[in-house]
file upload.tsv (TSV, C-alpha atoms)
chain	number	residue	atom	x	y	z
A	1	MET	CA	50.85	62.32	-122.40
A	2	GLY	CA	51.07	61.29	-126.03
A	3	ALA	CA	49.68	63.22	-128.97
A	4	ARG	CA	46.69	61.83	-130.81
A	5	ARG	CA	45.34	63.12	-134.12
A	6	VAL	CA	41.87	62.75	-135.58
A	7	ALA	CA	40.63	63.48	-139.06
A	8	THR	CA	40.04	67.10	-140.03
A	9	THR	CA	36.36	68.06	-140.13
A	10	LEU	CA	34.59	70.82	-142.01
A	11	LEU	CA	31.99	73.11	-140.46
A	12	THR	CA	29.85	75.59	-142.33
A	13	LEU	CA	30.36	78.95	-140.62
A	14	VAL	CA	29.41	82.48	-141.33
A	15	VAL	CA	32.67	84.03	-140.14
A	16	ALA	CA	36.28	82.99	-140.03
A	17	LEU	CA	37.88	82.05	-136.77
A	18	ALA	CA	41.68	82.22	-136.91
A	19	GLY	CA	44.55	81.91	-134.50
A	20	SER	CA	43.16	78.93	-132.65
A	21	ALA	CA	45.07	77.44	-129.76
A	22	ALA	CA	44.66	74.15	-131.55
A	23	GLY	CA	46.38	75.46	-134.68
A	24	ALA	CA	45.63	77.67	-137.65
A	25	GLU	CA	42.21	77.54	-139.25
A	26	ALA	CA	41.59	78.12	-142.96
A	27	ASP	CA	38.30	79.92	-143.60
A	28	THR	CA	36.65	80.75	-146.91
A	29	LEU	CA	33.65	82.92	-147.74
A	30	VAL	CA	30.77	80.84	-149.08
A	31	THR	CA	28.21	83.57	-149.70
A	32	GLN	CA	26.95	86.90	-148.46
A	33	TRP	CA	23.79	88.91	-148.87
A	34	GLY	CA	22.60	92.42	-148.16
A	35	GLY	CA	24.51	95.55	-149.12
A	36	PRO	CA	23.77	99.29	-149.05
A	37	PRO	CA	20.88	100.35	-146.78
A	38	GLY	CA	17.44	100.06	-148.34
A	39	ALA	CA	13.83	99.00	-147.90
A	40	GLY	CA	13.50	96.37	-150.61
A	41	PRO	CA	13.44	92.60	-150.04
A	42	GLY	CA	16.88	91.50	-148.89
A	43	GLN	CA	17.94	95.04	-148.03
A	44	PHE	CA	18.37	96.32	-144.48
A	45	ALA	CA	18.11	99.59	-142.54
A	46	ASN	CA	19.97	99.41	-139.23
A	47	PRO	CA	19.42	95.70	-138.61
A	48	THR	CA	20.26	94.73	-135.03
A	49	ASP	CA	19.85	90.97	-134.56
A	50	LEU	CA	19.48	87.65	-136.34
A	51	ALA	CA	18.44	84.11	-135.46
A	52	VAL	CA	18.30	80.70	-137.12
A	53	GLY	CA	15.08	78.66	-136.98
A	54	ALA	CA	14.65	74.93	-136.50
A	55	GLY	CA	14.40	74.45	-140.27
A	56	GLY	CA	17.54	76.46	-141.00
A	57	GLN	CA	15.78	79.70	-141.94
A	58	VAL	CA	17.58	82.92	-141.07
A	59	TYR	CA	15.53	85.70	-139.44
A	60	VAL	CA	16.77	89.30	-139.26
A	61	ALA	CA	15.38	92.11	-137.07
A	62	ASP	CA	15.39	94.91	-139.66
A	63	SER	CA	14.89	97.69	-137.11
A	64	ASP	CA	14.52	100.88	-139.12
A	65	ASN	CA	12.34	99.12	-141.70
A	66	TYR	CA	10.07	97.97	-138.82
A	67	ARG	CA	10.01	94.39	-140.00
A	68	VAL	CA	11.46	90.90	-139.70
A	69	GLN	CA	12.91	89.36	-142.85
A	70	ARG	CA	13.25	85.63	-143.45
A	71	PHE	CA	15.86	83.94	-145.68
A	72	THR	CA	16.99	80.46	-146.60
A	73	ALA	CA	20.29	79.25	-145.16
A	74	ASP	CA	22.01	80.44	-148.34
A	75	GLY	CA	20.48	83.92	-148.30
A	76	ALA	CA	17.54	83.61	-150.69
A	77	PHE	CA	14.71	85.93	-149.65
A	78	ALA	CA	11.80	83.89	-148.24
A	79	GLY	CA	9.40	86.48	-146.83
A	80	GLN	CA	8.89	89.33	-144.38
A	81	TRP	CA	6.35	90.77	-141.97
A	82	GLY	CA	5.76	93.93	-140.00
A	83	THR	CA	5.08	97.63	-140.49
A	84	ARG	CA	5.47	100.60	-138.19
A	85	GLY	CA	2.80	100.82	-135.49
A	86	THR	CA	1.45	99.48	-132.21
A	87	ALA	CA	-1.10	96.90	-133.37
A	88	ALA	CA	-0.52	93.14	-133.26
A	89	GLY	CA	2.26	92.25	-135.71
A	90	GLN	CA	3.43	95.84	-136.03
A	91	PHE	CA	6.72	97.12	-134.61
A	92	SER	CA	8.45	100.15	-133.18
A	93	THR	CA	12.17	99.43	-133.59
A	94	PRO	CA	12.29	95.63	-133.41
A	95	SER	CA	15.73	95.07	-131.88
A	96	GLY	CA	15.93	91.36	-131.04
A	97	VAL	CA	14.81	88.11	-132.63
A	98	ALA	CA	15.00	84.50	-131.36
A	99	THR	CA	13.52	81.12	-132.21
A	100	ASP	CA	12.57	77.98	-130.28
A	101	ALA	CA	12.78	74.28	-131.09
A	102	ALA	CA	9.20	74.30	-132.40
A	103	GLY	CA	10.00	76.97	-134.96
A	104	ASN	CA	8.28	79.89	-133.23
A	105	VAL	CA	9.82	83.34	-133.60
A	106	TYR	CA	10.06	85.87	-130.76
A	107	VAL	CA	10.72	89.57	-131.33
A	108	ALA	CA	11.83	92.19	-128.81
A	109	ASP	CA	9.61	95.12	-129.87
A	110	ARG	CA	11.83	97.73	-128.24
A	111	GLY	CA	9.86	100.92	-128.85
A	112	ASN	CA	6.55	99.26	-127.97
A	113	GLN	CA	7.90	97.87	-124.65
A	114	ARG	CA	6.71	94.32	-125.38
A	115	VAL	CA	7.63	90.91	-126.76
A	116	GLN	CA	5.73	89.46	-129.72
A	117	LYS	CA	5.51	85.80	-130.70
A	118	PHE	CA	4.96	84.52	-134.25
A	119	SER	CA	4.86	81.25	-136.16
A	120	ALA	CA	7.76	80.43	-138.47
A	121	ASP	CA	6.02	82.19	-141.38
A	122	GLY	CA	5.24	85.34	-139.40
A	123	THR	CA	1.66	84.67	-138.31
A	124	PHE	CA	1.01	86.62	-135.11
A	125	GLN	CA	0.31	84.51	-132.01
A	126	ARG	CA	0.54	86.78	-128.97
A	127	ALA	CA	2.33	89.66	-127.27
A	128	TRP	CA	3.14	90.41	-123.64
A	129	GLY	CA	4.17	93.29	-121.42
A	130	TRP	CA	2.43	95.77	-119.13
A	131	GLY	CA	-0.86	97.10	-120.50
A	132	VAL	CA	-0.67	95.40	-123.91
A	133	ALA	CA	-4.28	94.15	-123.78
A	134	THR	CA	-6.25	96.88	-121.96
A	135	GLY	CA	-3.73	99.58	-121.10
A	136	ALA	CA	-3.86	98.66	-117.42
A	137	GLN	CA	-0.92	99.20	-115.08
A	138	ALA	CA	-0.33	95.45	-114.89
A	139	PHE	CA	1.28	92.59	-116.74
A	140	GLU	CA	-0.93	91.40	-119.62
A	141	ILE	CA	-0.94	89.03	-122.59
A	142	CYS	CA	-2.85	89.81	-125.79
A	143	THR	CA	-3.73	87.39	-128.60
A	144	ALA	CA	-5.68	89.64	-130.97
A	145	SER	CA	-6.08	93.38	-130.48
A	146	CYS	CA	-2.90	94.66	-128.88
A	147	LEU	CA	-1.63	97.97	-127.53
A	148	GLN	CA	1.73	99.50	-126.97
A	149	GLY	CA	3.20	98.34	-123.68
A	150	LEU	CA	3.89	100.59	-120.69
A	151	ALA	CA	7.53	101.20	-119.81
A	152	GLY	CA	8.61	100.75	-116.21
A	153	THR	CA	10.47	98.73	-113.62
A	154	GLY	CA	7.73	96.44	-112.31
A	155	PRO	CA	7.87	92.62	-112.49
A	156	GLY	CA	7.13	91.59	-116.05
A	157	GLU	CA	7.22	95.22	-117.15
A	158	LEU	CA	9.65	96.02	-119.97
A	159	PHE	CA	11.70	99.16	-120.53
A	160	LEU	CA	13.53	99.06	-123.87
A	161	PRO	CA	13.68	95.27	-124.32
A	162	GLN	CA	16.85	94.78	-126.34
A	163	THR	CA	17.42	91.11	-127.20
A	164	LEU	CA	16.09	87.71	-126.22
A	165	THR	CA	16.94	84.02	-126.29
A	166	VAL	CA	15.11	80.74	-125.71
A	167	ASP	CA	16.62	77.79	-123.83
A	168	ALA	CA	16.01	74.08	-124.41
A	169	ALA	CA	13.14	74.09	-121.89
A	170	GLY	CA	11.32	76.85	-123.77
A	171	ASN	CA	12.09	79.65	-121.31
A	172	VAL	CA	12.35	83.08	-122.93
A	173	TYR	CA	14.99	85.43	-121.49
A	174	VAL	CA	14.80	89.16	-122.29
A	175	THR	CA	17.48	91.79	-121.69
A	176	GLU	CA	16.31	95.31	-120.84
A	177	PHE	CA	18.63	98.07	-121.95
A	178	ALA	CA	17.13	100.74	-119.69
A	179	ASN	CA	16.52	98.60	-116.59
A	180	ASN	CA	19.91	96.82	-116.72
A	181	ARG	CA	18.30	93.46	-116.00
A	182	VAL	CA	17.11	90.13	-117.44
A	183	GLN	CA	13.56	88.76	-117.10
A	184	ARG	CA	12.38	85.21	-117.79
A	185	PHE	CA	9.03	84.23	-119.32
A	186	ALA	CA	7.37	81.00	-120.41
A	187	SER	CA	6.96	80.42	-124.15
A	188	ASP	CA	3.29	81.45	-123.90
A	189	GLY	CA	4.30	84.76	-122.32
A	190	THR	CA	3.52	83.89	-118.72
A	191	PHE	CA	5.84	85.80	-116.39
A	192	SER	CA	7.93	83.37	-114.36
A	193	GLY	CA	8.75	85.74	-111.54
A	194	VAL	CA	12.47	85.33	-112.30
A	195	VAL	CA	14.24	88.65	-112.76
A	196	TRP	CA	17.81	89.64	-112.02
A	197	GLY	CA	20.18	92.56	-112.47
A	198	SER	CA	20.57	96.22	-111.62
A	199	ALA	CA	22.90	99.01	-112.69
A	200	GLY	CA	26.50	98.43	-111.61
A	201	SER	CA	29.65	96.43	-112.16
A	202	ALA	CA	29.41	93.76	-109.44
A	203	PRO	CA	28.63	90.15	-110.39
A	204	GLY	CA	24.99	89.99	-111.48
A	205	GLN	CA	24.82	93.71	-112.24
A	206	PHE	CA	24.86	95.24	-115.72
A	207	ALA	CA	25.86	98.35	-117.60
A	208	ARG	CA	23.71	98.13	-120.74
A	209	PRO	CA	23.10	94.41	-121.30
A	210	VAL	CA	22.69	93.76	-124.99
A	211	GLY	CA	23.15	90.28	-126.47
A	212	ILE	CA	22.00	87.15	-124.65
A	213	ALA	CA	22.30	83.44	-125.46
A	214	ALA	CA	21.26	80.23	-123.69
A	215	GLY	CA	23.23	77.00	-123.77
A	216	ALA	CA	23.59	73.79	-121.80
A	217	ALA	CA	26.13	75.46	-119.47
A	218	GLY	CA	23.98	78.49	-118.70
A	219	VAL	CA	22.67	81.83	-119.90
A	220	TYR	CA	25.30	84.24	-121.24
A	221	VAL	CA	24.84	88.02	-121.30
A	222	ALA	CA	26.95	90.53	-123.24
A	223	ASP	CA	27.41	93.23	-120.59
A	224	ARG	CA	28.41	95.97	-123.03
A	225	ASP	CA	29.64	98.89	-120.95
A	226	ASN	CA	31.29	96.59	-118.39
A	227	ASN	CA	33.24	94.97	-121.25
A	228	ARG	CA	32.49	91.44	-120.07
A	229	ILE	CA	30.39	88.33	-120.57
A	230	GLN	CA	28.48	87.05	-117.56
A	231	ARG	CA	27.16	83.50	-117.18
A	232	PHE	CA	24.09	82.59	-115.09
A	233	ASN	CA	21.89	79.63	-114.32
A	234	SER	CA	18.22	79.68	-115.39
A	235	ALA	CA	17.22	81.42	-112.13
A	236	GLY	CA	19.77	84.21	-112.52
A	237	GLY	CA	22.41	82.81	-110.18
A	238	PRO	CA	25.92	83.96	-111.20
A	239	LEU	CA	28.17	81.20	-112.58
A	240	GLY	CA	31.13	83.30	-113.67
A	241	GLN	CA	32.32	86.13	-115.88
A	242	TRP	CA	35.24	87.17	-118.05
A	243	GLY	CA	36.50	90.19	-119.94
A	244	THR	CA	37.96	93.65	-119.45
A	245	ALA	CA	38.26	96.68	-121.72
A	246	GLY	CA	40.95	96.50	-124.39
A	247	PRO	CA	42.12	94.90	-127.64
A	248	GLY	CA	43.86	91.86	-126.15
A	249	VAL	CA	42.88	88.23	-125.90
A	250	GLY	CA	39.68	87.93	-123.85
A	251	GLN	CA	39.23	91.70	-123.78
A	252	PHE	CA	36.36	93.58	-125.40
A	253	ALA	CA	35.53	96.91	-127.05
A	254	THR	CA	31.84	97.59	-127.71
A	255	LEU	CA	30.71	94.02	-127.09
A	256	LEU	CA	27.31	93.75	-128.77
A	257	ASP	CA	26.36	90.09	-128.94
A	258	VAL	CA	27.04	86.60	-127.69
A	259	ALA	CA	26.04	83.23	-129.14
A	260	VAL	CA	26.39	79.60	-128.05
A	261	GLY	CA	27.01	76.71	-130.40
A	262	PRO	CA	25.54	73.21	-130.11
A	263	ASP	CA	28.86	72.05	-128.64
A	264	GLY	CA	28.76	74.76	-125.94
A	265	THR	CA	31.35	77.02	-127.56
A	266	VAL	CA	30.70	80.71	-126.84
A	267	TYR	CA	31.12	83.34	-129.57
A	268	ALA	CA	31.39	87.08	-128.83
A	269	GLY	CA	31.00	89.84	-131.42
A	270	GLU	CA	32.58	93.23	-130.73
A	271	THR	CA	32.46	96.21	-133.09
A	272	GLY	CA	35.18	98.23	-131.38
A	273	ASN	CA	37.83	95.58	-132.05
A	274	ARG	CA	36.15	94.44	-135.27
A	275	ARG	CA	36.36	90.76	-134.50
A	276	VAL	CA	34.61	87.68	-133.16
A	277	GLN	CA	36.23	85.85	-130.26
A	278	LYS	CA	35.59	82.22	-129.46
A	279	PHE	CA	35.63	80.77	-125.91
A	280	SER	CA	34.93	77.56	-124.08
A	281	ALA	CA	31.71	77.33	-122.08
A	282	ALA	CA	33.63	78.52	-119.00
A	283	GLY	CA	35.29	81.44	-120.78
A	284	GLN	CA	38.68	80.06	-121.83
A	285	PHE	CA	39.88	81.82	-124.98
A	286	GLN	CA	40.12	79.63	-128.07
A	287	SER	CA	40.48	81.83	-131.15
A	288	ALA	CA	39.63	85.16	-132.78
A	289	LEU	CA	38.33	86.13	-136.18
A	290	THR	CA	40.93	88.09	-138.11
A	291	ALA	CA	40.21	87.63	-141.81
A	292	VAL	CA	38.11	85.64	-144.24
A	293	THR	CA	39.50	84.29	-147.48
A	294	GLY	CA	37.52	85.87	-150.32
A	295	LEU	CA	36.30	88.81	-148.20
A	296	PRO	CA	38.37	92.02	-148.51
A	297	GLY	CA	38.81	94.22	-145.47
A	298	VAL	CA	37.58	93.72	-141.93
A	299	ILE	CA	34.25	92.98	-140.33
A	300	ARG	CA	32.09	94.87	-137.83
A	301	PRO	CA	29.91	92.23	-136.14
A	302	LEU	CA	26.57	93.65	-134.98
A	303	SER	CA	25.06	90.27	-134.15
A	304	LEU	CA	25.81	86.57	-134.48
A	305	THR	CA	24.03	83.26	-134.06
A	306	LEU	CA	24.53	79.56	-134.75
A	307	GLY	CA	22.45	76.97	-136.54
A	308	PRO	CA	21.74	73.35	-135.65
A	309	ALA	CA	24.76	72.07	-137.61
A	310	ASN	CA	27.07	74.60	-135.90
A	311	GLU	CA	26.74	77.18	-138.68
A	312	LEU	CA	27.76	80.60	-137.43
A	313	TYR	CA	25.98	83.59	-138.96
A	314	VAL	CA	27.27	87.14	-138.52
A	315	LEU	CA	25.37	90.34	-139.19
A	316	ASP	CA	28.11	92.66	-140.44
A	317	GLY	CA	27.94	96.45	-140.52
A	318	GLU	CA	31.34	97.28	-142.00
A	319	VAL	CA	30.18	97.71	-145.62
A	320	GLY	CA	26.48	98.55	-145.59
A	321	PHE	CA	24.60	95.75	-143.84
A	322	ARG	CA	25.23	92.16	-144.87
A	323	ILE	CA	25.11	88.58	-143.65
A	324	LEU	CA	28.34	86.60	-144.09
A	325	LYS	CA	28.53	82.86	-144.54
A	326	VAL	CA	31.97	81.26	-144.34
A	327	GLN	CA	33.12	77.67	-144.36
A	328	GLN	CA	35.70	76.95	-141.68
A	329	THR	CA	38.22	74.13	-141.79
A	330	VAL	CA	38.79	73.00	-138.24
A	331	ALA	CA	42.32	72.01	-137.36
A	332	PRO	CA	42.89	68.46	-136.12
A	333	SER	CA	42.06	67.98	-132.48
A	334	GLY	CA	44.73	67.34	-129.89
A	335	PRO	CA	47.84	69.31	-128.88
A	336	PRO	CA	49.30	72.03	-131.11
A	337	PRO	CA	52.28	71.25	-133.33
A	338	PRO	CA	55.80	71.61	-131.88
A	339	VAL	CA	56.99	75.19	-131.67
A	340	LEU	CA	60.22	77.05	-130.99
A	341	GLY	CA	59.77	80.49	-129.46
A	342	LYS	CA	59.75	82.88	-126.53
A	343	ALA	CA	57.15	82.85	-123.76
A	344	VAL	CA	55.24	86.14	-123.96
A	345	ASN	CA	52.59	85.56	-121.32
A	346	VAL	CA	52.07	82.80	-118.75
A	347	ASP	CA	48.53	81.95	-117.66
A	348	VAL	CA	48.94	80.10	-114.39
A	349	VAL	CA	45.21	79.60	-113.79
A	350	LYS	CA	44.45	78.04	-117.17
A	351	GLY	CA	47.87	76.43	-117.64
A	352	ARG	CA	48.87	78.03	-120.94
A	353	VAL	CA	51.80	79.97	-122.34
A	354	LEU	CA	51.48	82.44	-125.20
A	355	VAL	CA	54.55	81.86	-127.35
A	356	ALA	CA	56.03	84.27	-129.88
A	357	VAL	CA	57.18	81.78	-132.50
A	358	ARG	CA	60.52	82.36	-134.15
A	359	SER	CA	60.27	83.27	-137.82
A	360	ARG	CA	63.68	82.40	-139.26
A	361	GLY	CA	65.24	79.28	-140.66
A	362	ALA	CA	63.24	76.10	-140.93
A	363	HIS	CA	60.50	77.53	-138.75
A	364	ALA	CA	59.66	80.53	-140.92
A	365	ALA	CA	56.20	79.11	-141.61
A	366	GLN	CA	55.36	79.28	-137.91
A	367	LYS	CA	55.34	83.08	-137.61
A	368	GLY	CA	53.06	84.71	-135.07
A	369	LEU	CA	51.72	83.78	-131.64
A	370	GLN	CA	50.63	80.35	-130.47
A	371	PHE	CA	49.20	79.01	-127.24
A	372	VAL	CA	51.05	76.07	-125.70
A	373	PRO	CA	49.04	74.31	-122.97
A	374	LEU	CA	51.18	73.41	-119.97
A	375	GLU	CA	50.55	71.24	-116.97
A	376	GLU	CA	52.93	73.23	-114.74
A	377	ALA	CA	52.81	76.80	-116.03
A	378	ARG	CA	54.53	78.18	-112.92
A	379	GLN	CA	57.80	76.58	-114.09
A	380	ILE	CA	57.83	78.63	-117.31
A	381	PRO	CA	58.71	82.30	-116.59
A	382	THR	CA	57.83	85.00	-119.10
A	383	GLY	CA	60.81	85.56	-121.39
A	384	SER	CA	61.89	81.93	-121.39
A	385	TYR	CA	62.57	80.17	-124.67
A	386	LEU	CA	60.53	77.04	-125.33
A	387	ASP	CA	61.51	74.28	-127.70
A	388	THR	CA	58.69	71.77	-127.67
A	389	ARG	CA	60.45	69.73	-130.38
A	390	HIS	CA	63.24	68.71	-128.03
A	391	GLY	CA	61.52	69.14	-124.67
A	392	THR	CA	63.68	71.99	-123.38
A	393	VAL	CA	63.27	75.41	-121.79
A	394	SER	CA	65.98	78.08	-121.84
A	395	LEU	CA	65.58	80.31	-118.79
A	396	THR	CA	66.60	83.92	-119.45
A	397	SER	CA	68.17	85.90	-116.59
A	398	ALA	CA	67.75	89.60	-115.85
A	399	THR	CA	71.11	90.35	-117.49
A	400	GLY	CA	70.12	88.65	-120.68
A	401	THR	CA	72.24	85.53	-120.27
A	402	GLY	CA	70.72	82.14	-119.81
A	403	SER	CA	71.42	78.46	-119.66
A	404	LYS	CA	69.50	75.71	-121.35
A	405	THR	CA	67.65	73.63	-118.77
A	406	GLN	CA	65.65	70.44	-119.05
A	407	ALA	CA	62.79	71.84	-116.90
A	408	GLY	CA	60.36	69.19	-117.90
A	409	LYS	CA	59.22	66.96	-120.70
A	410	PHE	CA	57.33	68.32	-123.67
A	411	SER	CA	55.24	66.07	-125.85
A	412	ALA	CA	53.82	67.71	-128.98
A	413	GLY	CA	53.34	70.98	-127.15
A	414	LEU	CA	52.19	69.55	-123.83
A	415	PHE	CA	54.40	70.03	-120.79
A	416	GLN	CA	54.30	66.93	-118.59
call {"tool": "encode", "arguments": {"input": "upload.tsv", "output": "structure tokens"}}
result
Amino acid sequence: MGARRVATTLLTLVVALAGSAAGAEADTLVTQWGGPPGAGPGQFANPTDLAVGAGGQVYVADSDNYRVQRFTADGAFAGQWGTRGTAAGQFSTPSGVATDAAGNVYVADRGNQRVQKFSADGTFQRAWGWGVATGAQAFEICTASCLQGLAGTGPGELFLPQTLTVDAAGNVYVTEFANNRVQRFASDGTFSGVVWGSAGSAPGQFARPVGIAAGAAGVYVADRDNNRIQRFNSAGGPLGQWGTAGPGVGQFATLLDVAVGPDGTVYAGETGNRRVQKFSAAGQFQSALTAVTGLPGVIRPLSLTLGPANELYVLDGEVGFRILKVQQTVAPSGPPPPVLGKAVNVDVVKGRVLVAVRSRGAHAAQKGLQFVPLEEARQIPTGSYLDTRHGTVSLTSATGTGSKTQAGKFSAGLFQ
């Protein structure tokens, strides 16, 4: 299998993603906005979610200010709506915000046990939940005078709705923090009858579902206290999961949000490990955010989302509350460059070896860990030395002695 290179492309991102299996990525801060907590335009008080509209506008659920703020793609303040209360257009801890292809904005009104729908400029359209129109113990939709919803476990009833997402068909999916489940509604608020989840750790169960995102490959849920991401079809059928507790690759600590890019890439934001991890649609690790050129210190991602041109926006809570926008230089596609190092971990299922690259001599610039994709990972024991430049593997014995063996043919990092 020969190596093939394509031209480097630039993507506008809001965080840096480094350590990619496809090579290093150089990321530079473009702009940021926000800062110390406050109530003025462009300031935030415990913001919990953000979304990008069809026109590139950025919407932020500014929870403790009981409002939604709207910005341009570069952070210029463009408007706001909401005050504290139970009437139409008012909020009680708005915790989630999402948009659809038509530009509508949906808000998870957590304390009011309802979902509200607005136009792109914040004009109220409708709300839904139990009792929102008349106070009845039933699912209702209101379009003018609205009430606080009733909390409970019934179909269409909401109990601490946390976040929401909209798929390409216009379906609205809502996570419920207290009910440990997901419910699906039509864009006009009609309850679809689709609901899944209960408390637990089995596939399809949740322990505090928080972030949710819909993509072509399914609906992804950040299952916070189970330290995993679960993937479902539109009817709630399980399609897979990944993640355990810890600081390692593919592990999570306080996983708060998940986002899906236009290309199907899955992004996960975790505050405990202070990073964003990037995965394939099926959960294969690709890279992790470690640092951003021009941004001192670390990040604490509270929420993240992507725009139509693959812009990634991160709501950061490390220094006050701010939105970060970073331009990422994507490494050339194809296999990684040749490496010389020791196999640290062998992933038989996904056919990869994590290599600790030697840092002396001519290879000093290749310090750190790299993934080398392999076609026959079972032939590469942990502790072996790999030289992809010359197509050799040195097998290390238990006593520390070894003999160089031509175990297979490497081609630019690929084991054939």
call {"tool": "residues_around", "arguments": {"input": "upload.tsv", "residues": "region 242-250 of chain A", "least_positions_apart": "4", "cutoff": "10 Å", "atoms": "only C-alpha atoms", "output": "ChimeraX atom specification"}}
result
/A:223-231,254-255,268,272-275,277-279,282-288
call {"tool": "atom_distance", "arguments": {"input": "upload.tsv", "atom1": "CA of Thr93 (chain A)", "atom2": "CA of Ile141 (chain A)"}}
result
20.0 Å
call {"tool": "residues_around", "arguments": {"input": "upload.tsv", "residues": "region 67-73 of chain A", "least_positions_apart": "6", "cutoff": "10 Å", "atoms": "all atoms listed in the file", "output": "compact mmCIF listing (two decimals) with C-alpha atoms, in the frame of the given file"}}
result
# COMPACT_ATOMS: atom_id res chain seq x y z
CA TRP A 33 23.79 88.91 -148.87
CA ALA A 39 13.83 99.00 -147.90
CA PRO A 41 13.44 92.60 -150.04
CA GLY A 42 16.88 91.50 -148.89
CA GLN A 43 17.94 95.04 -148.03
CA PHE A 44 18.37 96.32 -144.48
CA ALA A 45 18.11 99.59 -142.54
CA PRO A 47 19.42 95.70 -138.61
CA ASP A 49 19.85 90.97 -134.56
CA LEU A 50 19.48 87.65 -136.34
CA ALA A 51 18.44 84.11 -135.46
CA VAL A 52 18.30 80.70 -137.12
CA GLY A 53 15.08 78.66 -136.98
CA GLY A 55 14.40 74.45 -140.27
CA GLY A 56 17.54 76.46 -141.00
CA GLN A 57 15.78 79.70 -141.94
CA VAL A 58 17.58 82.92 -141.07
CA TYR A 59 15.53 85.70 -139.44
CA VAL A 60 16.77 89.30 -139.26
CA ALA A 61 15.38 92.11 -137.07
CA GLY A 79 9.40 86.48 -146.83
CA GLN A 80 8.89 89.33 -144.38
CA TRP A 81 6.35 90.77 -141.97
CA GLY A 82 5.76 93.93 -140.00
CA THR A 83 5.08 97.63 -140.49
CA ARG A 84 5.47 100.60 -138.19
CA GLY A 89 2.26 92.25 -135.71
CA GLN A 90 3.43 95.84 -136.03
CA PHE A 91 6.72 97.12 -134.61
CA SER A 92 8.45 100.15 -133.18
CA THR A 93 12.17 99.43 -133.59
CA PRO A 94 12.29 95.63 -133.41
CA SER A 95 15.73 95.07 -131.88
CA GLY A 96 15.93 91.36 -131.04
CA VAL A 97 14.81 88.11 -132.63
CA VAL A 105 9.82 83.34 -133.60
CA VAL A 107 10.72 89.57 -131.33
CA ALA A 120 7.76 80.43 -138.47
CA ASP A 121 6.02 82.19 -141.38
CA GLY A 122 5.24 85.34 -139.40
CA GLY A 307 22.45 76.97 -136.54
CA GLU A 311 26.74 77.18 -138.68
CA TYR A 313 25.98 83.59 -138.96
CA LYS A 325 28.53 82.86 -144.54
call {"tool": "residues_around", "arguments": {"input": "upload.tsv", "residues": "Thr134 (chain A)", "least_positions_apart": "2", "cutoff": "10 Å", "atoms": "all atoms listed in the file", "output": "compact mmCIF listing (two decimals) with C-alpha atoms, keeping the file's coordinate frame"}}
result
# COMPACT_ATOMS: atom_id res chain seq x y z
CA TRP A 130 2.43 95.77 -119.13
CA GLY A 131 -0.86 97.10 -120.50
CA VAL A 132 -0.67 95.40 -123.91
CA ALA A 136 -3.86 98.66 -117.42
CA GLN A 137 -0.92 99.20 -115.08
CA ALA A 138 -0.33 95.45 -114.89
CA GLU A 140 -0.93 91.40 -119.62
CA ILE A 141 -0.94 89.03 -122.59
CA CYS A 142 -2.85 89.81 -125.79
CA SER A 145 -6.08 93.38 -130.48
CA CYS A 146 -2.90 94.66 -128.88
CA LEU A 147 -1.63 97.97 -127.53
CA GLN A 148 1.73 99.50 -126.97
CA GLY A 149 3.20 98.34 -123.68
call {"tool": "closest_atom_pairs", "arguments": {"input": "upload.tsv", "of": "region 187-297 of chain A", "to": "region 159-176 of chain A", "cutoff": "10 Å", "atoms": "only C-alpha atoms", "output": "tab-separated table"}}
result
residue	atom	partner	partner_atom	distance
A:Ser187	CA	A:Gly170	CA	5.6
A:Asp188	CA	A:Gly170	CA	9.3
A:Gly189	CA	A:Val172	CA	8.2
A:Thr190	CA	A:Val172	CA	9.8
A:Phe191	CA	A:Val172	CA	9.6
A:Ser192	CA	A:Asn171	CA	8.9
A:Val194	CA	A:Tyr173	CA	9.5
A:Val195	CA	A:Tyr173	CA	9.3
A:Trp196	CA	A:Thr175	CA	9.9
A:Gly197	CA	A:Glu176	CA	9.6
A:Phe206	CA	A:Glu176	CA	10.0
A:Arg208	CA	A:Glu176	CA	7.9
A:Pro209	CA	A:Thr175	CA	6.2
A:Val210	CA	A:Gln162	CA	6.1
A:Gly211	CA	A:Thr163	CA	5.8
A:Ile212	CA	A:Leu164	CA	6.1
A:Ala213	CA	A:Thr165	CA	5.5
A:Ala214	CA	A:Asp167	CA	5.2
A:Gly215	CA	A:Asp167	CA	6.7
A:Ala216	CA	A:Ala168	CA	8.0
A:Gly218	CA	A:Asp167	CA	9.0
A:Val219	CA	A:Asp167	CA	8.3
A:Tyr220	CA	A:Thr165	CA	9.8
A:Val221	CA	A:Thr175	CA	8.3
A:Ala222	CA	A:Thr175	CA	9.7
A:Ser234	CA	A:Asn171	CA	8.5
A:Asp257	CA	A:Thr163	CA	9.2
A:Ala259	CA	A:Thr165	CA	9.6
call {"tool": "atom_distance", "arguments": {"input": "upload.tsv", "atom1": "CA of Gly237 (chain A)", "atom2": "CA of Asn180 (chain A)"}}
result
15.7 Å
call {"tool": "atom_distance", "arguments": {"input": "upload.tsv", "atom1": "CA of Gly35 (chain A)", "atom2": "CA of Gly320 (chain A)"}}
result
5.0 Å
call {"tool": "residues_near_point", "arguments": {"input": "upload.tsv", "point": "(34.1, 92.2, -150.9)", "cutoff": "12 Å", "atoms": "only C-alpha atoms", "output": "list in words"}}
result
Leu29, Val30, Thr31, Gln32, Trp33, Gly34, Gly35, Ala291, Val292, Thr293, Gly294, Leu295, Pro296, Gly297, Val298, Ile299, Glu318, Val319, Gly320, Arg322 and Leu324 of chain A
call {"tool": "axis_aligned_box", "arguments": {"input": "upload.tsv", "around": "region 204-216 of chain A", "padding_each_side": "8 Å", "output": "AutoDock Vina command-line options"}}
result
--center_x 23.6 --center_y 86.1 --center_z -119.0 --size_x 20.6 --size_y 40.6 --size_z 31.0
